[in-house]
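Source file query.pdb; content: PDB, C-alpha atoms.
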ATOM      1  CA  MET A  25     126.173 -91.416-253.396  1.00  0.00           C
ATOM      2  CA  GLY A  26     124.424 -91.096-250.037  1.00  0.00           C
ATOM      3  CA  ASN A  27     121.174 -89.967-251.741  1.00  0.00           C
ATOM      4  CA  VAL A  28     121.070 -92.772-254.302  1.00  0.00           C
ATOM      5  CA  GLN A  29     119.233 -95.377-252.184  1.00  0.00           C
ATOM      6  CA  PRO A  30     116.298 -93.143-251.157  1.00  0.00           C
ATOM      7  CA  ALA A  31     115.867 -92.207-254.816  1.00  0.00           C
ATOM      8  CA  LEU A  32     115.822 -95.894-255.792  1.00  0.00           C
ATOM      9  CA  ASN A  33     113.219 -96.601-253.112  1.00  0.00           C
ATOM     10  CA  ARG A  34     110.993 -93.811-254.447  1.00  0.00           C
ATOM     11  CA  LEU A  35     111.409 -95.127-258.003  1.00  0.00           C
ATOM     12  CA  ARG A  36     110.495 -98.642-256.869  1.00  0.00           C
ATOM     13  CA  GLN A  37     107.326 -97.351-255.201  1.00  0.00           C
ATOM     14  CA  SER A  38     106.392 -95.288-258.265  1.00  0.00           C
ATOM     15  CA  LEU A  39     106.766 -98.302-260.577  1.00  0.00           C
ATOM     16  CA  ALA A  40     104.677-100.424-258.228  1.00  0.00           C
ATOM     17  CA  GLY A  41     101.960 -97.779-258.355  1.00  0.00           C
ATOM     18  CA  ILE A  42     101.948 -97.875-262.161  1.00  0.00           C
ATOM     19  CA  ASP A  43     102.039-101.677-262.436  1.00  0.00           C
ATOM     20  CA  PRO A  44     101.058-103.652-259.292  1.00  0.00           C
ATOM     21  CA  SER A  45     102.712-106.768-260.740  1.00  0.00           C
ATOM     22  CA  LEU A  46     106.074-105.054-260.164  1.00  0.00           C
ATOM     23  CA  ARG A  47     105.406-104.736-256.424  1.00  0.00           C
ATOM     24  CA  ALA A  48     107.014-107.361-254.210  1.00  0.00           C
ATOM     25  CA  ARG A  49     105.080-108.125-251.057  1.00  0.00           C
ATOM     26  CA  GLU A  50     106.595-106.522-247.970  1.00  0.00           C
ATOM     27  CA  VAL A  51     106.213-107.336-244.294  1.00  0.00           C
ATOM     28  CA  GLY A  52     106.020-104.166-242.241  1.00  0.00           C
ATOM     29  CA  ILE A  53     107.824-104.282-238.902  1.00  0.00           C
ATOM     30  CA  GLY A  54     106.645-100.871-237.692  1.00  0.00           C
ATOM     31  CA  ALA A  55     108.259 -99.105-234.713  1.00  0.00           C
ATOM     32  CA  GLY A  56     109.868 -96.608-237.123  1.00  0.00           C
ATOM     33  CA  ILE A  57     111.948 -99.301-238.864  1.00  0.00           C
ATOM     34  CA  ASP A  58     110.101 -99.658-242.186  1.00  0.00           C
ATOM     35  CA  PRO A  59     111.327 -96.383-243.791  1.00  0.00           C
ATOM     36  CA  VAL A  60     114.910 -97.603-243.385  1.00  0.00           C
ATOM     37  CA  LEU A  61     113.948-100.844-245.145  1.00  0.00           C
ATOM     38  CA  GLY A  62     112.284 -99.032-248.052  1.00  0.00           C
ATOM     39  CA  GLY A  63     108.782 -99.995-246.855  1.00  0.00           C
ATOM     40  CA  GLY A  64     109.354-103.227-244.921  1.00  0.00           C
ATOM     41  CA  LEU A  65     111.053-106.602-245.176  1.00  0.00           C
ATOM     42  CA  SER A  66     110.974-107.600-248.815  1.00  0.00           C
ATOM     43  CA  CYS A  67     109.432-110.963-249.679  1.00  0.00           C
ATOM     44  CA  GLY A  68     111.303-111.040-252.974  1.00  0.00           C
ATOM     45  CA  ALA A  69     114.470-111.831-251.042  1.00  0.00           C
ATOM     46  CA  PHE A  70     115.578-113.570-247.880  1.00  0.00           C
ATOM     47  CA  HIS A  71     116.872-112.227-244.590  1.00  0.00           C
ATOM     48  CA  GLU A  72     119.314-113.481-241.958  1.00  0.00           C
ATOM     49  CA  LEU A  73     118.749-113.499-238.214  1.00  0.00           C
ATOM     50  CA  ALA A  74     121.263-114.392-235.512  1.00  0.00           C
ATOM     51  CA  PRO A  75     121.488-113.930-231.738  1.00  0.00           C
ATOM     52  CA  ALA A  76     123.907-111.324-230.423  1.00  0.00           C
ATOM     53  CA  GLY A  77     125.265-114.071-228.128  1.00  0.00           C
ATOM     54  CA  PRO A  78     124.457-117.713-227.281  1.00  0.00           C
ATOM     55  CA  ILE A  79     122.196-116.659-224.411  1.00  0.00           C
ATOM     56  CA  HIS A  80     119.979-114.719-226.834  1.00  0.00           C
ATOM     57  CA  LEU A  81     119.085-117.604-229.174  1.00  0.00           C
ATOM     58  CA  ALA A  82     115.544-117.753-227.760  1.00  0.00           C
ATOM     59  CA  ALA A  83     115.124-114.033-228.501  1.00  0.00           C
ATOM     60  CA  ALA A  84     116.268-114.505-232.108  1.00  0.00           C
ATOM     61  CA  THR A  85     113.836-117.409-232.486  1.00  0.00           C
ATOM     62  CA  GLY A  86     111.033-115.322-231.003  1.00  0.00           C
ATOM     63  CA  PHE A  87     111.747-112.469-233.416  1.00  0.00           C
ATOM     64  CA  ALA A  88     111.632-114.936-236.319  1.00  0.00           C
ATOM     65  CA  MET A  89     108.266-116.193-235.070  1.00  0.00           C
ATOM     66  CA  ALA A  90     106.918-112.641-234.786  1.00  0.00           C
ATOM     67  CA  LEU A  91     107.969-111.903-238.386  1.00  0.00           C
ATOM     68  CA  ALA A  92     106.371-115.172-239.526  1.00  0.00           C
ATOM     69  CA  ALA A  93     103.165-114.176-237.716  1.00  0.00           C
ATOM     70  CA  LEU A  94     103.147-110.852-239.573  1.00  0.00           C
ATOM     71  CA  ALA A  95     103.738-112.587-242.907  1.00  0.00           C
ATOM     72  CA  SER A  96     100.961-115.151-242.344  1.00  0.00           C
ATOM     73  CA  ARG A  97      98.204-112.649-241.559  1.00  0.00           C
ATOM     74  CA  GLU A  98      97.216-112.343-245.207  1.00  0.00           C
ATOM     75  CA  ARG A  99      97.913-115.749-246.699  1.00  0.00           C
ATOM     76  CA  GLY A 100      99.298-119.251-246.391  1.00  0.00           C
ATOM     77  CA  GLU A 101     101.329-121.286-243.964  1.00  0.00           C
ATOM     78  CA  THR A 102     104.861-120.965-242.621  1.00  0.00           C
ATOM     79  CA  LEU A 103     107.362-123.778-243.159  1.00  0.00           C
ATOM     80  CA  TRP A 104     109.901-124.156-240.347  1.00  0.00           C
ATOM     81  CA  ILE A 105     112.935-126.243-241.361  1.00  0.00           C
ATOM     82  CA  THR A 106     115.382-127.562-238.787  1.00  0.00           C
ATOM     83  CA  THR A 107     118.003-130.275-238.538  1.00  0.00           C
ATOM     84  CA  ASP A 108     117.920-133.109-236.032  1.00  0.00           C
ATOM     85  CA  PHE A 109     120.914-131.609-234.229  1.00  0.00           C
ATOM     86  CA  ALA A 110     119.359-128.139-234.075  1.00  0.00           C
ATOM     87  CA  ALA A 111     116.174-129.617-232.612  1.00  0.00           C
ATOM     88  CA  CYS A 112     118.200-131.438-229.952  1.00  0.00           C
ATOM     89  CA  GLU A 113     120.179-128.306-229.083  1.00  0.00           C
ATOM     90  CA  ALA A 114     117.414-125.699-229.020  1.00  0.00           C
ATOM     91  CA  GLY A 115     114.170-127.655-228.933  1.00  0.00           C
ATOM     92  CA  GLY A 116     111.211-126.917-231.164  1.00  0.00           C
ATOM     93  CA  PRO A 117     108.218-124.580-231.315  1.00  0.00           C
ATOM     94  CA  TYR A 118     105.585-125.220-228.625  1.00  0.00           C
ATOM     95  CA  ALA A 119     102.065-124.871-230.052  1.00  0.00           C
ATOM     96  CA  PRO A 120     100.255-123.390-226.984  1.00  0.00           C
ATOM     97  CA  GLY A 121     103.140-120.955-226.525  1.00  0.00           C
ATOM     98  CA  LEU A 122     102.951-119.924-230.179  1.00  0.00           C
ATOM     99  CA  ASP A 123      99.249-119.158-229.833  1.00  0.00           C
ATOM    100  CA  ARG A 124      99.923-116.984-226.782  1.00  0.00           C
ATOM    101  CA  PHE A 125     102.741-115.271-228.667  1.00  0.00           C
ATOM    102  CA  GLY A 126     100.381-114.309-231.473  1.00  0.00           C
ATOM    103  CA  PHE A 127     101.271-116.951-234.050  1.00  0.00           C
ATOM    104  CA  ASP A 128      98.557-119.350-235.203  1.00  0.00           C
ATOM    105  CA  ALA A 129     100.103-122.787-234.652  1.00  0.00           C
ATOM    106  CA  ALA A 130      97.662-124.276-237.168  1.00  0.00           C
ATOM    107  CA  ARG A 131      99.549-122.369-239.880  1.00  0.00           C
ATOM    108  CA  LEU A 132     102.941-123.842-238.987  1.00  0.00           C
ATOM    109  CA  VAL A 133     104.395-126.785-240.902  1.00  0.00           C
ATOM    110  CA  MET A 134     107.481-128.390-239.318  1.00  0.00           C
ATOM    111  CA  LEU A 135     110.157-130.178-241.344  1.00  0.00           C
ATOM    112  CA  ARG A 136     113.078-131.984-239.677  1.00  0.00           C
ATOM    113  CA  VAL A 137     115.985-133.146-241.824  1.00  0.00           C
ATOM    114  CA  PRO A 138     119.175-135.031-240.886  1.00  0.00           C
ATOM    115  CA  ARG A 139     121.798-132.671-242.365  1.00  0.00           C
ATOM    116  CA  PRO A 140     122.316-128.938-242.854  1.00  0.00           C
ATOM    117  CA  VAL A 141     122.648-129.446-246.617  1.00  0.00           C
ATOM    118  CA  ASP A 142     119.145-130.968-246.610  1.00  0.00           C
ATOM    119  CA  ALA A 143     117.806-127.897-244.788  1.00  0.00           C
ATOM    120  CA  LEU A 144     119.388-125.623-247.411  1.00  0.00           C
ATOM    121  CA  TRP A 145     117.858-127.626-250.258  1.00  0.00           C
ATOM    122  CA  ALA A 146     114.423-127.586-248.606  1.00  0.00           C
ATOM    123  CA  MET A 147     114.587-123.827-248.060  1.00  0.00           C
ATOM    124  CA  GLU A 148     115.557-123.156-251.664  1.00  0.00           C
ATOM    125  CA  GLU A 149     112.712-125.281-253.019  1.00  0.00           C
ATOM    126  CA  ALA A 150     110.180-123.776-250.595  1.00  0.00           C
ATOM    127  CA  LEU A 151     111.186-120.227-251.556  1.00  0.00           C
ATOM    128  CA  ARG A 152     110.846-121.074-255.216  1.00  0.00           C
ATOM    129  CA  CYS A 153     107.350-122.565-255.007  1.00  0.00           C
ATOM    130  CA  GLY A 154     105.781-119.330-253.672  1.00  0.00           C
ATOM    131  CA  ALA A 155     102.828-121.111-252.019  1.00  0.00           C
ATOM    132  CA  LEU A 156     103.923-120.310-248.463  1.00  0.00           C
ATOM    133  CA  SER A 157     103.684-117.058-246.541  1.00  0.00           C
ATOM    134  CA  GLY A 158     107.054-117.670-244.895  1.00  0.00           C
ATOM    135  CA  VAL A 159     109.988-120.085-244.821  1.00  0.00           C
ATOM    136  CA  VAL A 160     112.367-120.296-241.861  1.00  0.00           C
ATOM    137  CA  ALA A 161     115.496-122.456-241.934  1.00  0.00           C
ATOM    138  CA  GLU A 162     117.312-122.987-238.645  1.00  0.00           C
ATOM    139  CA  LEU A 163     121.030-123.863-238.667  1.00  0.00           C
ATOM    140  CA  THR A 164     123.277-124.572-235.703  1.00  0.00           C
ATOM    141  CA  ALA A 165     126.392-122.502-234.946  1.00  0.00           C
ATOM    142  CA  ASP A 166     126.995-119.993-237.739  1.00  0.00           C
ATOM    143  CA  GLY A 167     125.675-122.364-240.415  1.00  0.00           C
ATOM    144  CA  PRO A 168     128.941-122.749-242.377  1.00  0.00           C
ATOM    145  CA  ASP A 169     127.124-124.614-245.163  1.00  0.00           C
ATOM    146  CA  ALA A 170     125.088-121.463-245.851  1.00  0.00           C
ATOM    147  CA  ASP A 171     127.971-119.727-247.615  1.00  0.00           C
ATOM    148  CA  LEU A 172     127.798-117.041-250.298  1.00  0.00           C
ATOM    149  CA  THR A 173     127.023-119.577-253.043  1.00  0.00           C
ATOM    150  CA  ALA A 174     124.160-121.145-251.092  1.00  0.00           C
ATOM    151  CA  THR A 175     122.663-117.805-250.092  1.00  0.00           C
ATOM    152  CA  ARG A 176     122.802-116.582-253.685  1.00  0.00           C
ATOM    153  CA  ARG A 177     120.666-119.584-254.585  1.00  0.00           C
ATOM    154  CA  PHE A 178     118.180-118.511-251.894  1.00  0.00           C
ATOM    155  CA  ALA A 179     118.050-115.000-253.332  1.00  0.00           C
ATOM    156  CA  LEU A 180     117.421-116.289-256.855  1.00  0.00           C
ATOM    157  CA  ALA A 181     114.750-118.737-255.664  1.00  0.00           C
ATOM    158  CA  ALA A 182     112.919-116.011-253.731  1.00  0.00           C
ATOM    159  CA  ARG A 183     113.060-113.739-256.777  1.00  0.00           C
ATOM    160  CA  GLU A 184     111.577-116.467-259.001  1.00  0.00           C
ATOM    161  CA  ALA A 185     108.545-116.590-256.693  1.00  0.00           C
ATOM    162  CA  LYS A 186     107.910-112.888-257.510  1.00  0.00           C
ATOM    163  CA  GLY A 187     108.047-111.643-253.960  1.00  0.00           C
ATOM    164  CA  SER A 188     105.330-113.801-252.413  1.00  0.00           C
ATOM    165  CA  THR A 189     107.241-115.549-249.611  1.00  0.00           C
ATOM    166  CA  LEU A 190     109.222-114.179-246.674  1.00  0.00           C
ATOM    167  CA  GLY A 191     112.488-116.100-246.329  1.00  0.00           C
ATOM    168  CA  LEU A 192     114.348-116.164-243.001  1.00  0.00           C
ATOM    169  CA  LEU A 193     117.645-117.919-242.317  1.00  0.00           C
ATOM    170  CA  LEU A 194     118.055-118.316-238.557  1.00  0.00           C
ATOM    171  CA  ARG A 195     121.679-118.955-237.628  1.00  0.00           C
ATOM    172  CA  HIS A 196     122.416-119.996-234.046  1.00  0.00           C
ATOM    173  CA  ARG A 197     125.467-117.735-234.108  1.00  0.00           C
ATOM    174  CA  ALA A 198     126.341-114.577-236.035  1.00  0.00           C
ATOM    175  CA  THR A 199     128.955-114.996-238.744  1.00  0.00           C
ATOM    176  CA  PRO A 200     131.263-112.639-240.652  1.00  0.00           C
ATOM    177  CA  MET A 201     130.877-114.767-243.806  1.00  0.00           C
ATOM    178  CA  PRO A 202     129.534-112.831-246.808  1.00  0.00           C
ATOM    179  CA  SER A 203     125.901-113.448-247.664  1.00  0.00           C
ATOM    180  CA  ALA A 204     123.408-112.563-250.385  1.00  0.00           C
ATOM    181  CA  ALA A 205     120.751-111.751-247.766  1.00  0.00           C
ATOM    182  CA  ALA A 206     118.821-108.517-248.273  1.00  0.00           C
ATOM    183  CA  THR A 207     119.167-107.741-244.561  1.00  0.00           C
ATOM    184  CA  ARG A 208     121.109-109.196-241.625  1.00  0.00           C
ATOM    185  CA  TRP A 209     120.004-108.787-238.019  1.00  0.00           C
ATOM    186  CA  GLU A 210     121.518-109.485-234.619  1.00  0.00           C
ATOM    187  CA  ILE A 211     118.909-109.887-231.896  1.00  0.00           C
ATOM    188  CA  SER A 212     119.101-109.891-228.131  1.00  0.00           C
ATOM    189  CA  ALA A 213     116.560-109.935-225.331  1.00  0.00           C
ATOM    190  CA  THR A 214     116.118-106.917-223.102  1.00  0.00           C
ATOM    191  CA  ALA A 215     114.141-106.106-219.959  1.00  0.00           C
ATOM    192  CA  SER A 216     110.397-105.799-220.523  1.00  0.00           C
ATOM    193  CA  GLN A 217     107.727-103.831-218.726  1.00  0.00           C
ATOM    194  CA  PRO A 218     105.844-106.049-216.195  1.00  0.00           C
ATOM    195  CA  ASP A 219     102.124-106.457-216.799  1.00  0.00           C
ATOM    196  CA  ARG A 220      99.526-104.857-214.539  1.00  0.00           C
ATOM    197  CA  PHE A 221      99.657-107.844-212.198  1.00  0.00           C
ATOM    198  CA  GLY A 222     103.432-107.637-211.813  1.00  0.00           C
ATOM    199  CA  GLY A 223     104.064-110.677-214.004  1.00  0.00           C
ATOM    200  CA  LEU A 224     106.092-111.110-217.175  1.00  0.00           C
ATOM    201  CA  GLY A 225     105.459-108.400-219.721  1.00  0.00           C
ATOM    202  CA  ALA A 226     105.385-108.483-223.515  1.00  0.00           C
ATOM    203  CA  ALA A 227     108.461-109.783-225.345  1.00  0.00           C
ATOM    204  CA  ARG A 228     111.043-107.085-225.961  1.00  0.00           C
ATOM    205  CA  PHE A 229     113.894-107.240-228.453  1.00  0.00           C
ATOM    206  CA  ASP A 230     117.046-105.250-229.065  1.00  0.00           C
ATOM    207  CA  LEU A 231     117.510-105.269-232.853  1.00  0.00           C
ATOM    208  CA  VAL A 232     120.725-104.400-234.650  1.00  0.00           C
ATOM    209  CA  LEU A 233     120.487-104.168-238.444  1.00  0.00           C
ATOM    210  CA  THR A 234     124.012-104.924-239.664  1.00  0.00           C
ATOM    211  CA  LYS A 235     123.301-105.132-243.414  1.00  0.00           C
ATOM    212  CA  ASN A 236     120.616-103.428-245.475  1.00  0.00           C
ATOM    213  CA  ARG A 237     120.560-103.425-249.273  1.00  0.00           C
ATOM    214  CA  ARG A 238     117.893-100.718-249.332  1.00  0.00           C
ATOM    215  CA  GLY A 239     119.385 -98.157-246.995  1.00  0.00           C
ATOM    216  CA  PRO A 240     121.308 -97.499-243.781  1.00  0.00           C
ATOM    217  CA  CYS A 241     121.731 -99.810-240.825  1.00  0.00           C
ATOM    218  CA  GLY A 242     120.570 -99.016-237.312  1.00  0.00           C
ATOM    219  CA  ARG A 243     119.526-100.186-233.876  1.00  0.00           C
ATOM    220  CA  TRP A 244     116.081-100.283-232.242  1.00  0.00           C
ATOM    221  CA  THR A 245     114.482-101.636-229.084  1.00  0.00           C
ATOM    222  CA  VAL A 246     110.953-102.890-229.773  1.00  0.00           C
ATOM    223  CA  THR A 247     108.111-104.610-227.943  1.00  0.00           C
ATOM    224  CA  TRP A 248     105.961-107.274-229.590  1.00  0.00           C
ATOM    225  CA  ASP A 249     102.207-106.796-229.118  1.00  0.00           C
ATOM    226  CA  HIS A 250     100.898-110.351-229.477  1.00  0.00           C
ATOM    227  CA  HIS A 251      97.249-109.208-229.459  1.00  0.00           C
ATOM    228  CA  ASP A 252      97.461-106.739-232.343  1.00  0.00           C
ATOM    229  CA  HIS A 253     100.424-108.380-234.134  1.00  0.00           C
ATOM    230  CA  VAL A 254     102.540-105.248-234.227  1.00  0.00           C
ATOM    231  CA  PHE A 255     105.883-103.999-232.906  1.00  0.00           C
ATOM    232  CA  HIS A 256     105.960-100.849-230.785  1.00  0.00           C
ATOM    233  CA  PRO A 257     108.974 -98.721-229.854  1.00  0.00           C
ATOM    234  CA  ALA A 258     110.022 -99.813-226.378  1.00  0.00           C
ATOM    235  CA  ILE A 259     109.521 -97.517-223.401  1.00  0.00           C
ATOM    236  CA  PRO A 260     112.585 -97.451-221.100  1.00  0.00           C
ATOM    237  CA  VAL A 261     112.165 -99.582-217.976  1.00  0.00           C
ATOM    238  CA  GLY A 262     113.095 -98.281-214.522  1.00  0.00           C
ATOM    239  CA  VAL A 263     115.716-100.324-212.671  1.00  0.00           C
ATOM    240  CA  ALA A 264     117.427 -99.784-209.344  1.00  0.00           C
ATOM    241  CA  GLU A 265     120.915 -98.297-209.396  1.00  0.00           C
ATOM    242  CA  THR A 266     123.596-100.094-207.422  1.00  0.00           C
ATOM    243  CA  ALA A 267     123.829 -98.900-203.803  1.00  0.00           C
ATOM    244  CA  LEU A 268     126.473-100.335-201.481  1.00  0.00           C
ATOM    245  CA  ASP A 269     124.996 -99.253-198.152  1.00  0.00           C
ATOM    246  CA  ARG A 270     121.187 -99.255-198.518  1.00  0.00           C
ATOM    247  CA  PRO A 271     120.106-101.067-201.716  1.00  0.00           C
ATOM    248  CA  ASP A 272     116.474-101.109-200.561  1.00  0.00           C
ATOM    249  CA  ARG A 273     116.336 -97.318-200.987  1.00  0.00           C
ATOM    250  CA  ALA A 274     118.260 -97.037-204.257  1.00  0.00           C
ATOM    251  CA  PRO A 275     116.850 -94.426-206.699  1.00  0.00           C
ATOM    252  CA  LEU A 276     115.469 -95.553-210.038  1.00  0.00           C
ATOM    253  CA  GLY A 277     117.654 -95.321-213.130  1.00  0.00           C
ATOM    254  CA  ARG A 278     116.843 -95.761-216.792  1.00  0.00           C
ATOM    255  CA  ALA A 279     117.451 -98.772-219.006  1.00  0.00           C
ATOM    256  CA  GLY A 280     116.360 -99.998-222.409  1.00  0.00           C
TER     257      GLY A 280
END

As structure tokens, please, write out the structure in this file.
Amino acid sequence: MGNVQPALNRLRQSLAGIDPSLRAREVGIGAGIDPVLGGGLSCGAFHELAPAGPIHLAAATGFAMALAALASRERGETLWITTDFAACEAGGPYAPGLDRFGFDAARLVMLRVPRPVDALWAMEEALRCGALSGVVAELTADGPDADLTATRRFALAAREAKGSTLGLLLRHRATPMPSAAATRWEISATASQPDRFGGLGAARFDLVLTKNRRGPCGRWTVTWDHHDHVFHPAIPVGVAETALDRPDRAPLGRAG
């Protein structure tokens, strides 16, 4: 049974080569992750993102933005759906910051709704229309309204659009609830390499793939290149080991 999924991936690619209409659009992440995903994140489905802990919510949001930037390179706008409560808790996207991050703020459409159920309805309809490059729905806590029934509706809506839109459900907290998502990710921030002036370096993410319909799960540490819109495998960062007597002369260790 362990060799079944790679064979299915090869069959899917062969059929797409024979008839391009059978090929769902995929968003390549790079950094050695795409082969595990069968070519990239499928746009004929939706995917779940969640922070590994409350402190990492900004990292999960940044990863969602990076994926949306990748999806929007070829076509269309990204719709970002959030509730009033989620906007009060976590704030909203900041246009100048998005531009510096590598996402064209002119391609972002924001939708704020009063209730989580409204966000779920808006995401389902947006996935079904197929006119957008990406749809992101943000839900507070673990998004209890996005249960198995609701996520199955997302999967069906994305399939109806014939693989044209990348769907992302951003939960503010990971959940053990079952889901129809094609993949589920837990994201955390990790130390980045300072730039040549000693300032903040490029955004770096620790990614844990906890569910993958196309293959195995795994863990990667990646850096987002906001100039070239690509993820690179992260290079370990040197940090000082703990020294009780003379911390100013502590040898460098490895992290990341």

Interatomic distance, atom CA of Leu65 of chain A to atom CA of Leu122 of chain A (Å, one decimal): 21.6 Å

Closest of A:Asp219, A:Asp166, A:Glu184, A:Glu50 to Ala76 of chain A - atom-to-atom distances counting only C-alpha atoms: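 Comparing A:Asp219, A:Asp166, A:Glu184, A:Glu50 against Ala76 of chain A, the winner is A:Asp166.
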
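Each of A:His250, A:Glu149, A:Pro218, A:Ala182 was checked against Asp128 of chain A using all atoms listed in the file; the smallest atom-to-atom distance is that of A:His250.
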
As a check of understanding, name the residues that the PyMOL selection byres ((chain A and resi 73) around 7) selects in the supplied structure, as JSON, numbers by chain. {"A": [71, 72, 74, 84, 193, 194, 195, 208, 209, 210]}

For the file shown, what are the residues hit by the PyMOL selection byres ((chain A and resi 92-106) around 8), laid out as a PDB file with C-alpha atoms, keeping the file's coordinate frame?
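Written out: out-v7.pdb:
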ATOM      1  CA  VAL A  51     106.213-107.336-244.294  1.00  0.00           C
ATOM      2  CA  GLY A  52     106.020-104.166-242.241  1.00  0.00           C
ATOM      3  CA  ALA A  88     111.632-114.936-236.319  1.00  0.00           C
ATOM      4  CA  MET A  89     108.266-116.193-235.070  1.00  0.00           C
ATOM      5  CA  ALA A  90     106.918-112.641-234.786  1.00  0.00           C
ATOM      6  CA  LEU A  91     107.969-111.903-238.386  1.00  0.00           C
ATOM      7  CA  THR A 107     118.003-130.275-238.538  1.00  0.00           C
ATOM      8  CA  ASP A 108     117.920-133.109-236.032  1.00  0.00           C
ATOM      9  CA  ALA A 110     119.359-128.139-234.075  1.00  0.00           C
ATOM     10  CA  ALA A 111     116.174-129.617-232.612  1.00  0.00           C
ATOM     11  CA  GLY A 126     100.381-114.309-231.473  1.00  0.00           C
ATOM     12  CA  PHE A 127     101.271-116.951-234.050  1.00  0.00           C
ATOM     13  CA  ASP A 128      98.557-119.350-235.203  1.00  0.00           C
ATOM     14  CA  ARG A 131      99.549-122.369-239.880  1.00  0.00           C
ATOM     15  CA  LEU A 132     102.941-123.842-238.987  1.00  0.00           C
ATOM     16  CA  VAL A 133     104.395-126.785-240.902  1.00  0.00           C
ATOM     17  CA  MET A 134     107.481-128.390-239.318  1.00  0.00           C
ATOM     18  CA  LEU A 135     110.157-130.178-241.344  1.00  0.00           C
ATOM     19  CA  ARG A 136     113.078-131.984-239.677  1.00  0.00           C
ATOM     20  CA  VAL A 137     115.985-133.146-241.824  1.00  0.00           C
ATOM     21  CA  ALA A 143     117.806-127.897-244.788  1.00  0.00           C
ATOM     22  CA  ALA A 146     114.423-127.586-248.606  1.00  0.00           C
ATOM     23  CA  MET A 147     114.587-123.827-248.060  1.00  0.00           C
ATOM     24  CA  ALA A 150     110.180-123.776-250.595  1.00  0.00           C
ATOM     25  CA  ALA A 155     102.828-121.111-252.019  1.00  0.00           C
ATOM     26  CA  LEU A 156     103.923-120.310-248.463  1.00  0.00           C
ATOM     27  CA  SER A 157     103.684-117.058-246.541  1.00  0.00           C
ATOM     28  CA  GLY A 158     107.054-117.670-244.895  1.00  0.00           C
ATOM     29  CA  VAL A 159     109.988-120.085-244.821  1.00  0.00           C
ATOM     30  CA  VAL A 160     112.367-120.296-241.861  1.00  0.00           C
ATOM     31  CA  ALA A 161     115.496-122.456-241.934  1.00  0.00           C
ATOM     32  CA  GLU A 162     117.312-122.987-238.645  1.00  0.00           C
ATOM     33  CA  LEU A 163     121.030-123.863-238.667  1.00  0.00           C
ATOM     34  CA  LEU A 190     109.222-114.179-246.674  1.00  0.00           C
ATOM     35  CA  HIS A 253     100.424-108.380-234.134  1.00  0.00           C
ATOM     36  CA  VAL A 254     102.540-105.248-234.227  1.00  0.00           C
TER      37      VAL A 254
END

Smallest atom-to-atom distance to Cys67 of chain A: which of A:Gly242, A:Gly154, A:Gly121, A:Gly115, using only C-alpha atoms?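 Going through A:Gly242, A:Gly154, A:Gly121, A:Gly115 one by one, the smallest distance to Cys67 of chain A is for A:Gly154.
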
Any chance you could work out the axis-aligned box around segment 110-113 of chain A, listed atoms only, 5 Å on each side, giving centre and edge lengths in Å to one decimal, as lines of an AutoDock Vina configuration file?
center_x = 118.2
center_y = -129.8
center_z = -231.6
size_x = 14.0
size_y = 13.3
size_z = 15.0

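Shortest atom-to-atom contact with Thr245 of chain A among A:Leu192, A:Cys112, A:Ile57, A:Ala119: A:Ile57, counting all atoms listed in the file.
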
Between atom CA of His256 of chain A and atom CA of Thr199 of chain A, what is the distance, to one decimal in Å?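 Spanning atom CA of His256 of chain A to atom CA of Thr199 of chain A is a straight-line distance of 28.1 Å.
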
Mind giving me the straight-line distance from atom CA of Asp123 of chain A to atom CA of Gly223 of chain A in Å, one decimal?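 Distance between the two atoms: 18.6 Å.
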
Can you pull out every residue within 10 Å of Pro257 of chain A, counting only C-alpha atoms, but drop anything in the same chain fewer than 4 positions away, and send it as a PyMOL selection string? chain A and resi 54-57+228-229+244-248

Polymer residues at most 10 Å from Ala170 of chain A, all atoms listed in the file, same-chain spacing of 2 or more positions, as a list of chain:residue names: A:Pro140, A:Val141, A:Ala143, A:Leu144, A:Leu163, A:Asp166, A:Gly167, A:Pro168, A:Leu172, A:Thr173, A:Ala174, A:Thr175, A:Arg176, A:Arg177, A:Phe178, A:Leu193, A:Arg195, A:Met201, A:Pro202, A:Ser203

May I have the residues within 8 Å of Ala213 of chain A as JSON, numbers by chain, using only C-alpha atoms and disregarding those fewer than 2 positions away in the same chain? {"A": [80, 83, 211, 215, 228, 229, 230]}
